[in-house]
Each structure stands twice: as C-alpha cells, then as structure tokens.
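Chemist: Data file structure08.txt (compact mmCIF, C-alpha atoms) is appended below.
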```txt
# COMPACT_ATOMS: atom_id res chain seq x y z
CA MET V 205 -31.78 75.73 -3.71
CA SER V 206 -35.50 76.01 -4.35
CA PHE V 207 -38.24 73.66 -3.20
CA ASP V 208 -38.76 72.44 -6.77
CA ALA V 209 -35.09 71.53 -7.09
CA LEU V 210 -34.84 69.77 -3.73
CA TRP V 211 -38.16 67.99 -3.40
CA PRO V 212 -37.42 65.11 -5.84
CA LEU V 213 -34.40 64.20 -3.68
CA TYR V 214 -36.55 64.00 -0.56
CA GLU V 215 -39.42 62.13 -2.17
CA THR V 216 -37.06 59.51 -3.60
CA LYS V 217 -35.39 59.10 -0.22
CA MET V 218 -38.68 58.75 1.63
CA ARG V 219 -40.16 56.26 -0.83
CA ALA V 220 -37.05 54.09 -0.38
CA GLY V 221 -36.86 54.53 3.39
CA GLY V 222 -39.17 51.72 4.47
CA LYS V 223 -42.65 51.55 5.92
CA GLU V 224 -42.16 54.47 8.33
CA SER V 225 -41.51 56.93 5.49
CA GLU V 226 -42.86 55.50 2.25
CA THR V 227 -46.62 56.02 2.71
CA ASP V 228 -48.48 58.84 1.01
CA ALA V 229 -49.49 60.18 4.43
CA ALA V 230 -45.86 60.41 5.57
CA VAL V 231 -44.61 61.91 2.31
CA ASN V 232 -47.39 64.49 2.05
CA ALA V 233 -46.99 65.60 5.67
CA PHE V 234 -43.25 66.14 5.22
CA LYS V 235 -43.80 67.83 1.85
CA TYR V 236 -46.11 70.40 3.41
CA ASN V 237 -43.64 71.19 6.20
CA PHE V 238 -40.73 71.38 3.78
CA GLN V 239 -42.65 73.77 1.54
CA VAL V 240 -43.24 76.07 4.51
CA LEU V 241 -39.56 75.89 5.48
CA THR V 242 -38.23 76.72 2.02
CA SER V 243 -40.80 79.48 1.48
CA GLY V 244 -39.23 81.55 4.23
CA ALA V 245 -42.61 82.05 5.88
CA ASP V 246 -42.62 83.28 9.47
CA THR V 247 -43.81 80.35 11.56
CA MET V 248 -43.52 82.03 14.96
CA ILE V 249 -46.40 83.78 16.75
CA PRO V 250 -45.04 86.66 18.85
CA GLU V 251 -46.26 86.88 22.42
CA ALA V 252 -47.50 90.42 21.74
CA ALA V 253 -50.03 89.01 19.28
CA LEU V 254 -51.67 86.79 21.92
CA ASP V 255 -54.64 87.86 24.02
CA PRO V 256 -55.41 86.24 27.38
CA VAL V 257 -58.51 84.06 27.61
CA PRO V 258 -61.10 86.12 29.51
CA THR V 259 -62.90 83.20 31.19
CA LEU V 260 -62.70 79.43 31.32
CA PRO V 261 -65.37 76.93 32.36
CA ASP V 262 -64.78 75.16 35.67
CA LEU V 263 -65.06 71.37 35.48
CA GLU V 264 -66.43 71.08 39.00
CA SER V 265 -69.31 73.42 38.17
CA LEU V 266 -70.50 71.44 35.15
CA GLU V 267 -73.39 69.01 35.51
CA ILE V 268 -72.02 65.90 33.84
CA THR V 269 -73.13 62.33 34.35
CA PRO V 270 -70.17 59.97 33.81
CA LYS V 271 -70.84 57.19 31.31
CA PRO V 272 -68.44 54.29 31.94
CA GLU V 273 -69.99 52.41 29.01
CA LEU V 274 -68.20 54.82 26.65
CA LEU V 275 -64.93 53.15 27.64
CA LYS V 276 -65.87 50.31 25.29
CA GLU V 277 -65.46 52.80 22.45
CA THR V 278 -62.33 54.50 23.81
CA VAL V 279 -58.59 54.03 23.38
CA VAL V 280 -56.01 55.51 25.75
CA LEU V 281 -53.00 56.54 23.67
CA LYS V 282 -49.59 57.57 24.95
CA LEU V 283 -47.14 59.44 22.72
CA ASN V 284 -43.82 57.69 23.25
CA GLY V 285 -41.52 58.59 20.37
CA GLY V 286 -38.92 60.67 22.20
CA LEU V 287 -35.54 59.61 23.56
CA GLY V 288 -34.15 60.64 26.94
CA THR V 289 -30.82 61.82 25.53
CA GLY V 290 -31.09 65.17 27.30
CA MET V 291 -31.14 63.25 30.59
CA GLY V 292 -28.34 60.81 29.79
CA LEU V 293 -30.50 57.98 28.44
CA ASP V 294 -30.16 56.61 24.91
CA LYS V 295 -33.53 54.85 25.12
CA ALA V 296 -37.15 55.98 25.32
CA LYS V 297 -37.60 58.84 27.77
CA SER V 298 -40.41 56.86 29.40
CA LEU V 299 -37.81 54.32 30.61
CA LEU V 300 -36.41 56.83 33.08
CA GLU V 301 -36.99 55.85 36.70
CA VAL V 302 -39.49 58.15 38.39
CA THR V 303 -40.03 56.83 41.91
CA GLY V 304 -39.79 53.62 43.90
CA GLY V 305 -37.98 51.81 41.11
CA ASN V 306 -40.84 52.52 38.70
CA THR V 307 -40.30 54.05 35.27
CA PHE V 308 -42.86 56.20 33.48
CA LEU V 309 -43.96 53.07 31.60
CA ASP V 310 -44.40 51.10 34.83
CA LEU V 311 -46.61 53.80 36.28
CA ILE V 312 -48.62 54.10 33.06
CA ALA V 313 -49.24 50.33 33.10
CA LYS V 314 -50.42 50.58 36.71
CA GLN V 315 -52.69 53.52 35.88
CA VAL V 316 -54.31 51.56 33.06
CA ALA V 317 -54.73 48.52 35.33
CA TRP V 318 -56.39 50.76 37.93
CA MET V 319 -58.84 52.12 35.35
CA LYS V 320 -59.69 48.62 34.15
CA GLY V 321 -60.41 47.49 37.70
CA THR V 322 -62.20 50.63 38.87
CA TYR V 323 -64.58 50.72 35.91
CA SER V 324 -64.88 46.93 35.50
CA MET V 325 -63.55 47.29 31.97
CA PRO V 326 -60.86 44.63 31.46
CA ASP V 327 -60.90 45.23 27.70
CA LEU V 328 -60.11 48.96 27.91
CA LYS V 329 -57.98 49.65 24.85
CA PHE V 330 -54.46 51.01 25.39
CA MET V 331 -51.87 51.91 22.75
CA LEU V 332 -48.54 53.67 22.30
CA MET V 333 -47.28 55.72 19.41
CA ASN V 334 -43.61 54.73 19.37
CA SER V 335 -40.87 55.81 16.99
CA PHE V 336 -38.19 53.77 15.24
CA SER V 337 -35.93 54.87 18.11
CA THR V 338 -38.18 53.72 20.97
CA SER V 339 -40.21 50.75 19.74
CA ALA V 340 -37.91 47.83 20.61
CA ASP V 341 -36.92 49.05 24.09
CA THR V 342 -40.50 49.95 24.95
CA LEU V 343 -41.97 46.60 23.92
CA GLU V 344 -39.28 44.79 25.90
CA ALA V 345 -40.00 46.87 29.01
CA LEU V 346 -43.75 46.29 28.76
CA SER V 347 -43.50 42.54 28.16
CA LYS V 348 -44.09 42.05 31.90
CA TYR V 349 -47.55 43.61 31.49
CA PRO V 350 -49.20 41.24 28.97
CA ASP V 351 -52.67 42.57 29.80
CA LEU V 352 -51.76 45.83 28.05
CA GLY V 353 -51.57 44.06 24.70
CA THR V 354 -48.91 42.94 22.25
CA GLY V 355 -47.73 43.74 18.73
CA ASP V 356 -50.00 45.93 16.61
CA ASP V 357 -52.60 45.86 19.38
CA LEU V 358 -50.17 47.67 21.68
CA GLN V 359 -48.28 50.03 19.40
CA PHE V 360 -47.95 51.66 16.05
CA VAL V 361 -44.69 53.24 14.94
CA GLN V 362 -44.82 56.84 13.85
CA ASN V 363 -43.30 58.03 10.61
CA LYS V 364 -39.69 59.03 10.21
CA ALA V 365 -38.62 62.20 8.43
CA PRO V 366 -35.34 62.93 6.65
CA LYS V 367 -33.12 65.42 8.43
CA VAL V 368 -32.58 68.70 6.60
CA THR V 369 -29.23 70.48 6.49
CA ALA V 370 -29.34 74.02 7.86
CA ASP V 371 -27.14 75.28 5.03
CA GLY V 372 -29.04 74.93 1.77
CA TYR V 373 -31.80 72.57 2.97
CA ALA V 374 -30.38 69.52 1.18
CA PRO V 375 -31.03 66.06 2.69
CA ALA V 376 -28.56 65.24 5.46
CA GLU V 377 -26.09 62.47 4.67
CA TRP V 378 -24.28 60.17 7.11
CA PRO V 379 -23.00 57.18 5.12
CA SER V 380 -21.42 55.44 8.12
CA GLU V 381 -24.63 55.72 10.19
CA PRO V 382 -27.59 55.97 7.78
CA SER V 383 -30.10 55.87 10.65
CA HIS V 384 -28.75 59.24 11.78
CA GLU V 385 -30.13 60.76 8.59
CA TRP V 386 -33.68 60.37 9.96
CA CYS V 387 -35.67 61.66 12.91
CA PRO V 388 -39.17 61.24 14.37
CA PRO V 389 -41.35 64.18 13.22
CA GLY V 390 -42.77 64.87 16.69
CA HIS V 391 -46.20 64.59 18.28
CA GLY V 392 -47.92 66.36 15.39
CA ASP V 393 -47.22 63.24 13.34
CA LEU V 394 -50.01 61.44 15.22
CA TYR V 395 -52.60 61.88 12.47
CA PRO V 396 -50.45 61.04 9.41
CA ALA V 397 -48.96 58.08 11.30
CA MET V 398 -52.35 56.68 12.27
CA LEU V 399 -53.55 57.03 8.69
CA GLY V 400 -50.47 55.69 6.95
CA SER V 401 -49.94 52.74 9.30
CA GLY V 402 -53.54 51.57 9.00
CA THR V 403 -54.07 52.07 12.75
CA LEU V 404 -57.00 54.43 12.20
CA ASP V 405 -58.84 51.88 10.06
CA ARG V 406 -58.17 49.08 12.57
CA LEU V 407 -59.49 51.12 15.50
CA LEU V 408 -62.61 52.17 13.60
CA ALA V 409 -63.23 48.55 12.62
CA LYS V 410 -63.16 47.64 16.32
CA GLY V 411 -65.78 50.27 17.14
CA ILE V 412 -63.42 52.83 18.68
CA LYS V 413 -64.86 56.36 18.56
CA TYR V 414 -62.92 58.25 21.23
CA MET V 415 -59.22 58.69 21.93
CA PHE V 416 -57.51 60.06 25.03
CA VAL V 417 -54.04 61.32 24.06
CA SER V 418 -51.18 62.43 26.30
CA ASN V 419 -47.40 62.30 26.47
CA SER V 420 -45.83 59.28 28.14
CA ASP V 421 -43.98 61.53 30.60
CA ASN V 422 -47.17 63.33 31.66
CA LEU V 423 -48.39 61.09 34.47
CA GLY V 424 -50.89 63.72 35.57
CA ALA V 425 -52.87 63.27 32.36
CA THR V 426 -55.37 60.51 33.10
CA LEU V 427 -58.74 59.68 31.60
CA ASP V 428 -61.61 61.42 33.41
CA LEU V 429 -65.06 60.09 32.52
CA ARG V 430 -66.55 63.51 33.00
```
Can you give me the file's structure in the form of structure tokens?

Modeler:
Amino acid sequence: MSFDALWPLYETKMRAGGKESETDAAVNAFKYNFQVLTSGADTMIPEAALDPVPTLPDLESLEITPKPELLKETVVLKLNGGLGTGMGLDKAKSLLEVTGGNTFLDLIAKQVAWMKGTYSMPDLKFMLMNSFSTSADTLEALSKYPDLGTGDDLQFVQNKAPKVTADGYAPAEWPSEPSHEWCPPGHGDLYPAMLGSGTLDRLLAKGIKYMFVSNSDNLGATLDLR
C-alpha cells in the first residue's frame, strides 16, 4: 500500500496513543521517517563512499581556559530509553550491574556527585531521557539519590512510535498486548521529544544554554570543561 493510503491509519493511532505519541512533534517526526520508508529510498551509505578524515585537532594542544561558571547554564543528559533484553534483562539496560555491585545508573549518580563537589556546583542540572519501557524502573532505582532530582526535573519520557509490519507496512496489531504495538524511536528522538514534552521550554526558562548528551551505558563520556 502507498504512503497516502496508510498514513491516516498511523496518524489516528498516534493521536489516540497518549502523551508520548500524540504531539505534533512526535507525529511529524514519525511521518517523515515513514515517508522515507515507503518511498523505497536507499538510506544506507556504502563504506566505499566514505573518505577518511585527513587530520583532527588534538585537545591537549588547544589553549582553552576552563570556565566552571558555565555549569550554571548546563544540563547533563543521559539517553536511557533502551532495554537490556539482549543481555537477559527486561528492564532498562542501565540497571545492569557493572562492577562492585554498582549498576550503570549508580555510577552515573556518583559521577554527577563528583562533578558537583569538584566544581562547587551543587545545583548542576542532570536529566534522563527515558522511554515508556524504562521510566518506572529507572525512577525507582534512582530514588536513593534524591540530590539528582525528582519527577519532571529528573526525566522526560521520549516519544513512542507505532511498529510497522515488514509485509505491506501496515500498523502492527497485538490485541492481547497493545503495548507491544509500540516502540521507542531511538536516540534520534531527542529533539522531537524535548520539543513535544515541553522540556526544551522549561530548560530555556531556567537559563540553560548548553547540553552534554551521552548514552547511559557510556561511562567514559563525562563532561570536560575544556
């Protein structure tokens, strides 16, 4: 079936799917992706078409004066929408134990606490982008770290997208488990989710200008003031 024939089914489903799918930002983002899918366009870039980068700047050679005061205008954001199903966990992947009894979330909380103490910035803003699959478990796990924040100050929930059947591109149906008809759209949903949830407006109203973004399972990605 064509895009024009299928799209009304998806738009109706998304508008009735609740706050994670009903916003214009969520609908328009999915619409664009679905148009690309149904167009048959080639979305892969072959390795042969890529050229190596000739040179890269070296951080250690740059003359940069750190400005800790910019932390007042910064939010540290962790992308935390994925499940750990591939590793035998039906909860957020960040709830996997890493070392010494600590999960990814435990270590992230300790990293943020270290930054707050090191830079004398107790109000350093921290947030998570959770999904409908990870929000509840994540908030429960982080309840022992109240200094990170709570509620909308700690998280926003990314959009959810309707699953598409491989044969014909019709909306997937699972009457006995309707939640299985939806999925998180991935990390690229950051911008539509921030816009549609009102998170972008709230951060701007608080004077936030900078955002450090990394995956919740990437513990090596930490904020460097340089």

Chemist: So which residues touch Asp327 (chain V) within 12 Å, counting all atoms listed in the file, skipping near sequence neighbours fewer than 6 positions away, as a PyMOL selection string?

Modeler: chain V and resi 273+275-280+316-317+319-321+351-353+357+410

Chemist: Could you check which of V:Pro270, V:Gly286, V:Gly355, V:Pro375 is closest to Leu213 (chain V), using all atoms listed in the file?

Modeler: V:Pro375

Chemist: Distance CA of Leu332 (chain V)-CA of Pro382 (chain V), one decimal place?

Modeler: 25.6 Å

Chemist: With a distance cut-off of 9 Å and only C-alpha atoms, select the neighbouring residues of region 336-349 of chain V, excluding the residue or stretch itself and same-chain residues fewer than 3 positions from it, and output the selection as a ChimeraX atom specification.

Modeler: /V:224,284-287,295-299,309-310,313,333,352-355,358-364,387-388

Chemist: Could you tell me how far CA of Gly402 (chain V) lies from CA of Ser383 (chain V), in Å and to one decimal?

Modeler: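 It comes out at 23.9 Å.
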
Chemist: Which residue gives the smallest distance to Asp228 (chain V) among V:Arg406, V:Pro396, V:Leu427, V:Pro366, with all atoms listed in the file counted?

Modeler: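 Going through V:Arg406, V:Pro396, V:Leu427, V:Pro366 one by one, the smallest distance to Asp228 (chain V) is for V:Pro396.
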
Chemist: What's the separation between CA of Glu267 (chain V) and CA of Leu429 (chain V), in Å to one decimal place?

Modeler: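 Computing the Euclidean distance for CA of Glu267 (chain V) and CA of Leu429 (chain V) yields 12.6 Å.
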
Chemist: Find the residues with any atom within 6 Å of (-40.4, 64.0, 1.7); use all atoms listed in the file and the coordinates as given in the file, and write the answer as a ChimeraX atom specification.

Modeler: /V:214-215,218,231,234-235

Chemist: Could you check which of V:Leu274, V:Ile249, V:Ile312, V:Ala374 is closest to Leu210 (chain V), using all atoms listed in the file?

Modeler: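 Closest residue, counting all atoms listed in the file: V:Ala374.
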
Chemist: Which of these, V:Ala409, V:Met205, V:Ala397, V:Leu266, has the shortest distance to Tyr373 (chain V) once you count all atoms listed in the file?

Modeler: V:Met205

Chemist: First collect every listed atom of region 323-331 of chain V; then fit an axis-aligned box around them, widen it by 3 Å on each side, and give centre and edge lengths in Å to one decimal, as AutoDock Vina command-line options.

Modeler:
```
--center_x -58.4 --center_y 48.3 --center_z 29.3 --size_x 19.0 --size_y 13.3 --size_z 19.2
```

Chemist: For region 379-393 of chain V, supply N, CA and C atoms and format the output as a compact mmCIF listing (two decimals), in the frame of the given file.

Modeler:
```
# COMPACT_ATOMS: atom_id res chain seq x y z
N PRO V 379 -23.18 58.52 5.70
CA PRO V 379 -23.00 57.18 5.12
C PRO V 379 -22.64 56.11 6.13
N SER V 380 -21.84 56.45 7.15
CA SER V 380 -21.42 55.44 8.12
C SER V 380 -22.53 55.08 9.11
N GLU V 381 -23.50 55.97 9.29
CA GLU V 381 -24.63 55.72 10.19
C GLU V 381 -25.91 56.23 9.52
N PRO V 382 -26.42 55.50 8.53
CA PRO V 382 -27.59 55.97 7.78
C PRO V 382 -28.81 56.29 8.65
N SER V 383 -28.94 55.61 9.79
CA SER V 383 -30.10 55.87 10.65
C SER V 383 -30.07 57.29 11.21
N HIS V 384 -28.86 57.88 11.27
CA HIS V 384 -28.75 59.24 11.78
C HIS V 384 -29.25 60.28 10.78
N GLU V 385 -29.60 59.84 9.59
CA GLU V 385 -30.13 60.76 8.59
C GLU V 385 -31.63 61.00 8.77
N TRP V 386 -32.23 60.31 9.75
CA TRP V 386 -33.68 60.37 9.96
C TRP V 386 -34.00 60.80 11.38
N CYS V 387 -35.21 61.30 11.57
CA CYS V 387 -35.67 61.66 12.91
C CYS V 387 -37.18 61.47 13.00
N PRO V 388 -37.72 61.26 14.20
CA PRO V 388 -39.17 61.24 14.37
C PRO V 388 -39.71 62.66 14.18
N PRO V 389 -40.84 62.83 13.50
CA PRO V 389 -41.35 64.18 13.22
C PRO V 389 -42.06 64.87 14.39
N GLY V 390 -42.12 64.22 15.55
CA GLY V 390 -42.77 64.87 16.69
C GLY V 390 -44.21 64.43 16.88
N HIS V 391 -44.85 65.00 17.92
CA HIS V 391 -46.20 64.59 18.28
C HIS V 391 -47.23 64.92 17.22
N GLY V 392 -46.97 65.98 16.43
CA GLY V 392 -47.92 66.36 15.39
C GLY V 392 -48.04 65.32 14.30
N ASP V 393 -47.18 64.32 14.33
CA ASP V 393 -47.22 63.24 13.34
C ASP V 393 -48.31 62.22 13.67
```
